[in-house]
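Have a look at the structure below, then the notes.
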Amino acid sequence: MVANAKAVPVRARHAHWSTMIAILCAAVTAYGIYRLIALGPFGWHVEQPDFKKGVIEFFAVFVINSAVLMLFRGRLAWLAVGAVVLLYMRLHGTDLALAVGAAYCIGIYGLGRMIVGAGPENLYSYRRSALAVATGVGSMAVVLMLGALLFEWDFAQNRLAAFATTGVGLLFVTIRWLMVDQRKKGAVHRSSISNLSISLLIAVAAVCIARSNLAFYFDSAWYGLRPDRVLIGPHGFYEFLGLTTQVYYYPKLYELLLAPVLELGDISTTVVVGVFCAGFLAHAMVSLGRTLGLPTAYGLVLAALMLCFPAVAGTVETPKGDVLAAAFVIFSAIALIKAYETRSPSALLDVVIYCLLASTIRLSALPWLGLIFAAWLVAGLMVIFSAKRREFELVMLVPVALVLAAFLLTHARTYLLTGVPLVTNASTQAQLAELGFNLKYPIGTFTGTGDSRAGLLGGISALGKIALTPDIYALHVFKWMGAAWLVFLVAAVIRPDRAFPGFRGVVSLICILVTPLLLGFNAWADGGPAGDGNYFMVSIAFFYVCGAVAVRRFSRLSLFILLTCAFSGGVVYLFSANWNIGTGIRPLSVVNPVFDEEKQVESFLEGGKLGVVGKRLSHCGRHTRMIGELRTPESFMLPVRFEPFEELSWSNSRAFRSEKAFSEFLYATGTDLVALPAHEYEAGQRREMVDFARDKLESTGPIGARSMITLGGVNLYAMTPAGVQCIYMAAFD
């Protein structure tokens, strides 16, 4: 995977200092875990058999792979590791998902490698690989978006095109591997610490995939696992589907790339893609460490410290692009540093490529990218006026063009569907409206105005809270980033001369300072949420690396203690992430079914008392548009395009105040069905919406329902001919 940097002797004072740092990391990590279990909501979780079973599996995969990497080298070692992982996947019925997801990701990488070739100079660690991933993502996005724009590809056509395109990349990688004489490569020697770090990362990745058989996380069910209903319409990716909430109109590059591996009968494939993104993030952290002068072994330990905790591992098991976006932001910072140091115009283009992709994958990357762009301008001037400027690599024009096209096509969707270039929080949306960019009706925003936010000082004060007292953040307690990063941050602040020297330090400091800004924006003055931990992955990567640079040398004991902290993060992940416990309730068996998505969805719907409704609505088309007041997130997984009153209340509650407004709303959203509880219902502020809708739909007025049926305690009202046909088929199931 990675080669070890040259060994550096550790003097006695370095050993004592680094061991003290590691012990302090262990102490603060243990304190945070104590808070989660003793004072937080997870005391019950750690007593469950499912959690204990998950920990045993996690430990077993880690220990076995560690032993394999210690005993063997080269291809034999990786074949043995692969066999262990494959057996573990078979026991959980996720082996086919692993094969499909891996082939898909390797195909995207191969597509990029085929386009980029071996031309780019290796200015920094993993540059060619990073550019291959970026180019592969950009080229895949361009193919799928142009197909949607020009030929209106539906979900099935989108999948066919994606598999055909990745098939080309997979074929290229296979041929290239066969043509290279593997005997000439030789076995790479790794230290025991590197082997333990790699084994731990593999164990966490395997557990992430195994956990994909559990219930769905809220955001996953909300918009991540429904691309066939809320992302791609009968006429493609650019079709307006009548949805009203801003989450459907963020840049959707990652979701579009993920869509082809969904609806294949096993949701686990999405997590496999997330695991490969996590591997890419680990490479970014190792590359950052090498850029700032750290040995590879240190970078691997730091990568384990970040990836094993719930904020990252829990995000990996959801269909969200935070991890991939964070990796691209880190690589953009690395390329920026190298552009300044080497005076390479090609490295400047690397920054552009990574930044454009990160901004189309996740909007949470924008604060870092804005500051990186400012530093990029400075570095650009230095490169332009440098007498030692390197020659420009013409091969870079192709990936730049592809990624720029992907960027424009992604943001074009937001503009075409919403009328604004950016869908964001209410206060920023109001500022865009003053410039003439108004959201198209009925699309709205659900975030606050920001008037009661804590601000920069509040963000700085929240740093210690999110690390040491995660139990106080009720809404985000399951996205803990650990606490060891706080110790590394203090180490960097104590020795800024080591941690932030020259232009490297400027870029690092820029990425670090974004965190208090984000905390100030996401933390409310009354002590409310401080934001999901996954929002801060980029800065925390720099906390770790800059702190390690300040410490300089780590003893073997200190690295082992840090790996123990990372392992404990994996344990916390097993009892807290996304409110799921362990790795599944099914007994381990080599005959566990592969295609379990249907039963998984049925069980999920039954949990929300929607089993009957889900079964009957399966006879309707997936693009049947339905609104209503049903339990979330279970109702999101109904086999139709459902949007709950909860979402409508955020920005369209006025539609439920008059008959005319309600009629206009139903027409604007193309609503076919309205679902209301058949029994007496108390829904707080939404009870008025339910009573209003029921009164109008059951009247003989102009918006009275065309027909109605009661299924499983839910009244379904048909508003269109398509709705009538759906009810007819559901009634005679």
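Numbering starts fresh at 1 for the residues of each chain in the structure tokens, the chains themselves are lettered A, B, ... in the order given, and ligands are numbered from 1 as they appear.
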Which residues of region 610-641 of chain A sit at most 10 Å from region 220-238 of chain A, using only C-alpha atoms? Give each one's shortest atom pair and distance in Å (one decimal place), in chain and ascending residue order, as JSON lines.
```
{"residue": "A:Gly621", "atom": "CA", "partner": "A:Arg229", "partner_atom": "CA", "distance": 9.6}
{"residue": "A:Arg622", "atom": "CA", "partner": "A:Arg229", "partner_atom": "CA", "distance": 6.0}
{"residue": "A:His623", "atom": "CA", "partner": "A:Arg229", "partner_atom": "CA", "distance": 5.9}
{"residue": "A:Thr624", "atom": "CA", "partner": "A:Arg229", "partner_atom": "CA", "distance": 8.7}
{"residue": "A:Arg625", "atom": "CA", "partner": "A:Arg229", "partner_atom": "CA", "distance": 9.0}
{"residue": "A:Thr632", "atom": "CA", "partner": "A:Trp222", "partner_atom": "CA", "distance": 8.5}
{"residue": "A:Pro633", "atom": "CA", "partner": "A:Ala221", "partner_atom": "CA", "distance": 6.2}
{"residue": "A:Glu634", "atom": "CA", "partner": "A:Ala221", "partner_atom": "CA", "distance": 7.5}
{"residue": "A:Ser635", "atom": "CA", "partner": "A:Ala221", "partner_atom": "CA", "distance": 8.6}
{"residue": "A:Phe636", "atom": "CA", "partner": "A:Trp222", "partner_atom": "CA", "distance": 5.6}
{"residue": "A:Met637", "atom": "CA", "partner": "A:Ala221", "partner_atom": "CA", "distance": 6.1}
{"residue": "A:Leu638", "atom": "CA", "partner": "A:Arg226", "partner_atom": "CA", "distance": 9.6}
{"residue": "A:Pro639", "atom": "CA", "partner": "A:Arg229", "partner_atom": "CA", "distance": 8.3}
{"residue": "A:Val640", "atom": "CA", "partner": "A:Arg229", "partner_atom": "CA", "distance": 6.8}
{"residue": "A:Arg641", "atom": "CA", "partner": "A:Arg229", "partner_atom": "CA", "distance": 5.3}
```
Contact residues around Ala541 (chain A) with only C-alpha atoms at 12 Å, ignoring same-chain residues under 2 positions, as JSON, numbers by chain: {"A": [281, 282, 283, 284, 285, 286, 287, 288, 289, 299, 300, 301, 302, 303, 304, 305, 306, 307, 312, 323, 326, 327, 329, 330, 331, 333, 481, 484, 485, 486, 488, 489, 508, 509, 511, 512, 515, 534, 535, 536, 537, 538, 539, 543, 544, 545, 546, 547, 548]}
Could those selected residues go to a file with N, CA and C atoms, as a short mmCIF file (atom, residue, chain, number, x, y, z; two decimals), in the first residue's frame?
```cif
data_model
loop_
_atom_site.label_atom_id
_atom_site.label_comp_id
_atom_site.auth_asym_id
_atom_site.auth_seq_id
_atom_site.Cartn_x
_atom_site.Cartn_y
_atom_site.Cartn_z
N LEU A 281 -9.00 9.02 1.47
CA LEU A 281 -8.73 9.99 2.53
C LEU A 281 -7.49 9.60 3.33
N ALA A 282 -7.31 8.31 3.59
CA ALA A 282 -6.12 7.84 4.30
C ALA A 282 -4.87 8.17 3.48
N HIS A 283 -4.91 7.96 2.17
CA HIS A 283 -3.79 8.32 1.32
C HIS A 283 -3.52 9.83 1.37
N ALA A 284 -4.58 10.63 1.43
CA ALA A 284 -4.41 12.08 1.51
C ALA A 284 -3.71 12.46 2.81
N MET A 285 -4.07 11.81 3.92
CA MET A 285 -3.43 12.13 5.20
C MET A 285 -1.96 11.72 5.20
N VAL A 286 -1.65 10.55 4.64
CA VAL A 286 -0.25 10.11 4.56
C VAL A 286 0.54 11.08 3.68
N SER A 287 -0.06 11.48 2.56
CA SER A 287 0.61 12.43 1.66
C SER A 287 0.84 13.77 2.35
N LEU A 288 -0.14 14.23 3.11
CA LEU A 288 0.02 15.48 3.86
C LEU A 288 1.15 15.35 4.88
N GLY A 289 1.19 14.22 5.57
CA GLY A 289 2.26 14.00 6.54
C GLY A 289 3.62 14.02 5.88
N GLY A 299 2.00 8.96 9.49
CA GLY A 299 0.80 9.31 8.73
C GLY A 299 -0.26 8.23 8.83
N LEU A 300 0.14 6.97 8.81
CA LEU A 300 -0.82 5.88 8.92
C LEU A 300 -1.48 5.86 10.30
N VAL A 301 -0.71 6.10 11.34
CA VAL A 301 -1.27 6.16 12.69
C VAL A 301 -2.29 7.30 12.79
N LEU A 302 -1.93 8.46 12.25
CA LEU A 302 -2.83 9.61 12.30
C LEU A 302 -4.09 9.35 11.47
N ALA A 303 -3.92 8.67 10.33
CA ALA A 303 -5.09 8.32 9.51
C ALA A 303 -6.02 7.40 10.29
N ALA A 304 -5.45 6.44 11.02
CA ALA A 304 -6.27 5.55 11.84
C ALA A 304 -6.98 6.31 12.94
N LEU A 305 -6.28 7.29 13.54
CA LEU A 305 -6.90 8.09 14.60
C LEU A 305 -8.10 8.87 14.09
N MET A 306 -8.09 9.27 12.84
CA MET A 306 -9.22 10.03 12.31
C MET A 306 -10.31 9.13 11.76
N LEU A 307 -9.93 8.09 11.01
CA LEU A 307 -10.93 7.30 10.30
C LEU A 307 -11.68 6.33 11.19
N VAL A 312 -16.25 9.90 11.12
CA VAL A 312 -15.79 9.51 9.79
C VAL A 312 -16.34 8.14 9.41
N VAL A 323 -16.50 12.40 3.01
CA VAL A 323 -15.16 11.82 3.10
C VAL A 323 -14.38 12.08 1.82
N ALA A 326 -13.44 15.78 1.64
CA ALA A 326 -12.34 16.09 2.55
C ALA A 326 -11.01 15.68 1.96
N ALA A 327 -10.96 14.51 1.33
CA ALA A 327 -9.72 14.05 0.71
C ALA A 327 -9.26 15.00 -0.38
N VAL A 329 -9.96 18.22 -0.61
CA VAL A 329 -9.52 19.48 0.00
C VAL A 329 -8.09 19.33 0.52
N ILE A 330 -7.80 18.21 1.17
CA ILE A 330 -6.45 17.99 1.69
C ILE A 330 -5.44 17.93 0.55
N PHE A 331 -5.77 17.22 -0.53
CA PHE A 331 -4.86 17.17 -1.68
C PHE A 331 -4.69 18.55 -2.32
N ALA A 333 -4.63 21.36 -0.70
CA ALA A 333 -3.68 22.07 0.16
C ALA A 333 -2.26 21.57 -0.10
N MET A 481 -15.71 13.06 17.02
CA MET A 481 -14.42 12.95 16.33
C MET A 481 -13.31 12.50 17.26
N ALA A 484 -8.30 13.05 20.89
CA ALA A 484 -6.85 13.11 20.74
C ALA A 484 -6.42 14.29 19.88
N TRP A 485 -7.26 14.68 18.93
CA TRP A 485 -6.89 15.80 18.06
C TRP A 485 -6.71 17.09 18.86
N LEU A 486 -7.42 17.22 19.97
CA LEU A 486 -7.28 18.43 20.79
C LEU A 486 -5.88 18.52 21.39
N PHE A 488 -3.14 17.21 20.04
CA PHE A 488 -2.24 17.55 18.94
C PHE A 488 -2.35 19.02 18.58
N LEU A 489 -3.55 19.58 18.66
CA LEU A 489 -3.72 21.01 18.39
C LEU A 489 -2.96 21.84 19.42
N SER A 508 -1.39 25.37 6.23
CA SER A 508 -1.89 24.54 7.33
C SER A 508 -2.72 25.36 8.29
N LEU A 509 -2.24 26.55 8.61
CA LEU A 509 -2.95 27.40 9.56
C LEU A 509 -4.30 27.84 8.99
N CYS A 511 -6.20 26.10 6.98
CA CYS A 511 -7.12 24.97 7.10
C CYS A 511 -7.53 24.72 8.55
N ILE A 512 -6.67 25.04 9.49
CA ILE A 512 -7.00 24.87 10.90
C ILE A 512 -8.00 25.92 11.36
N THR A 515 -12.04 25.71 11.36
CA THR A 515 -12.85 25.00 12.34
C THR A 515 -13.58 25.92 13.31
N ASN A 534 -18.30 15.28 11.23
CA ASN A 534 -17.76 15.06 9.89
C ASN A 534 -17.58 16.36 9.12
N TYR A 535 -18.17 17.46 9.59
CA TYR A 535 -17.96 18.76 8.95
C TYR A 535 -16.52 19.25 9.13
N PHE A 536 -15.81 18.72 10.13
CA PHE A 536 -14.51 19.26 10.49
C PHE A 536 -13.35 18.33 10.16
N MET A 537 -13.58 17.35 9.29
CA MET A 537 -12.55 16.36 9.00
C MET A 537 -11.26 16.99 8.47
N VAL A 538 -11.38 17.98 7.60
CA VAL A 538 -10.20 18.58 6.99
C VAL A 538 -9.32 19.22 8.05
N SER A 539 -9.92 20.05 8.89
CA SER A 539 -9.13 20.73 9.91
C SER A 539 -8.52 19.74 10.90
N PHE A 543 -4.88 19.30 12.31
CA PHE A 543 -4.55 19.27 13.74
C PHE A 543 -3.55 18.16 14.02
N TYR A 544 -3.88 16.97 13.54
CA TYR A 544 -3.04 15.82 13.80
C TYR A 544 -1.65 15.98 13.18
N VAL A 545 -1.61 16.33 11.92
CA VAL A 545 -0.32 16.38 11.22
C VAL A 545 0.55 17.51 11.77
N CYS A 546 -0.02 18.69 11.96
CA CYS A 546 0.78 19.81 12.47
C CYS A 546 1.23 19.55 13.90
N GLY A 547 0.37 18.93 14.70
CA GLY A 547 0.78 18.58 16.05
C GLY A 547 1.91 17.56 16.06
N ALA A 548 1.82 16.59 15.14
CA ALA A 548 2.89 15.59 15.04
C ALA A 548 4.19 16.23 14.59
#
```
Two-atom distance - CA of Glu393 (chain A), CA of Ser332 (chain A) (Å):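 About the pair CA of Glu393 (chain A) and CA of Ser332 (chain A): they are 17.6 Å apart.
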Sorted per-residue table, region 455-547 of chain A near region 570-584 of chain A, closest atoms and distance, 10 Å, only C-alpha atoms, as a tab-separated table:
```
residue	atom	partner	partner_atom	distance
A:His476	CA	A:Asn578	CA	9.7
A:Val477	CA	A:Ser576	CA	8.2
A:Phe478	CA	A:Ala577	CA	5.1
A:Lys479	CA	A:Ala577	CA	6.7
A:Trp480	CA	A:Ala577	CA	8.7
A:Gly482	CA	A:Val572	CA	9.3
```
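Residues lying within 8 Å of Phe437 (chain A), counting only C-alpha atoms and ignoring same-chain neighbours fewer than 2 positions away, are Gly419, Val420, Pro421, Leu432, Ala433, Glu434, Leu435 and Leu439 of chain A.
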Selected residue of minimal separation from Phe604 (chain A) among A:Arg631, A:Glu664, A:Thr174, A:Arg654, counting only C-alpha atoms: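 The shortest atom-to-atom distance to Phe604 (chain A) comes from A:Arg631.
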Interatomic distance, CA of Asn65 (chain A) to CA of Pro587 (chain A) (Å, one decimal): 22.2 Å
Given only C-alpha atoms as the counted atoms, nearest of A:Asp596, A:Glu341, A:Glu688, A:Asp350 to Arg657 (chain A): A:Glu688
Contact residues around Leu253 (chain A) with only C-alpha atoms at 7 Å, ignoring same-chain residues under 6 positions, as number ranges by chain: A: 141, 360-361, 410
Could the residues in this selection be saved with C-alpha atoms as a compact mmCIF listing (two decimals), in the first residue's frame?
```txt
# COMPACT_ATOMS: atom_id res chain seq x y z
CA ALA A 141 -19.78 12.77 -14.16
CA THR A 360 -19.44 19.83 -6.33
CA ILE A 361 -19.35 16.91 -3.91
CA THR A 410 -23.37 19.93 -11.67
```
Alpha helix (DSSP H) positions in region 572-671 of chain A, given as an MDAnalysis selection string: chainID A and resid 572:576 597:607 611:617 645:651 659:669
Distance query Ala678 (chain A) at most 8 Å, only C-alpha atoms, self and fewer than 6 positions along chain excluded, as a list in words: Thr710, Gly713, Val714 and Asn715 of chain A
Gap from CA of Leu146 (chain A) to CA of Ile353 (chain A) - Å, one decimal: 19.4 Å
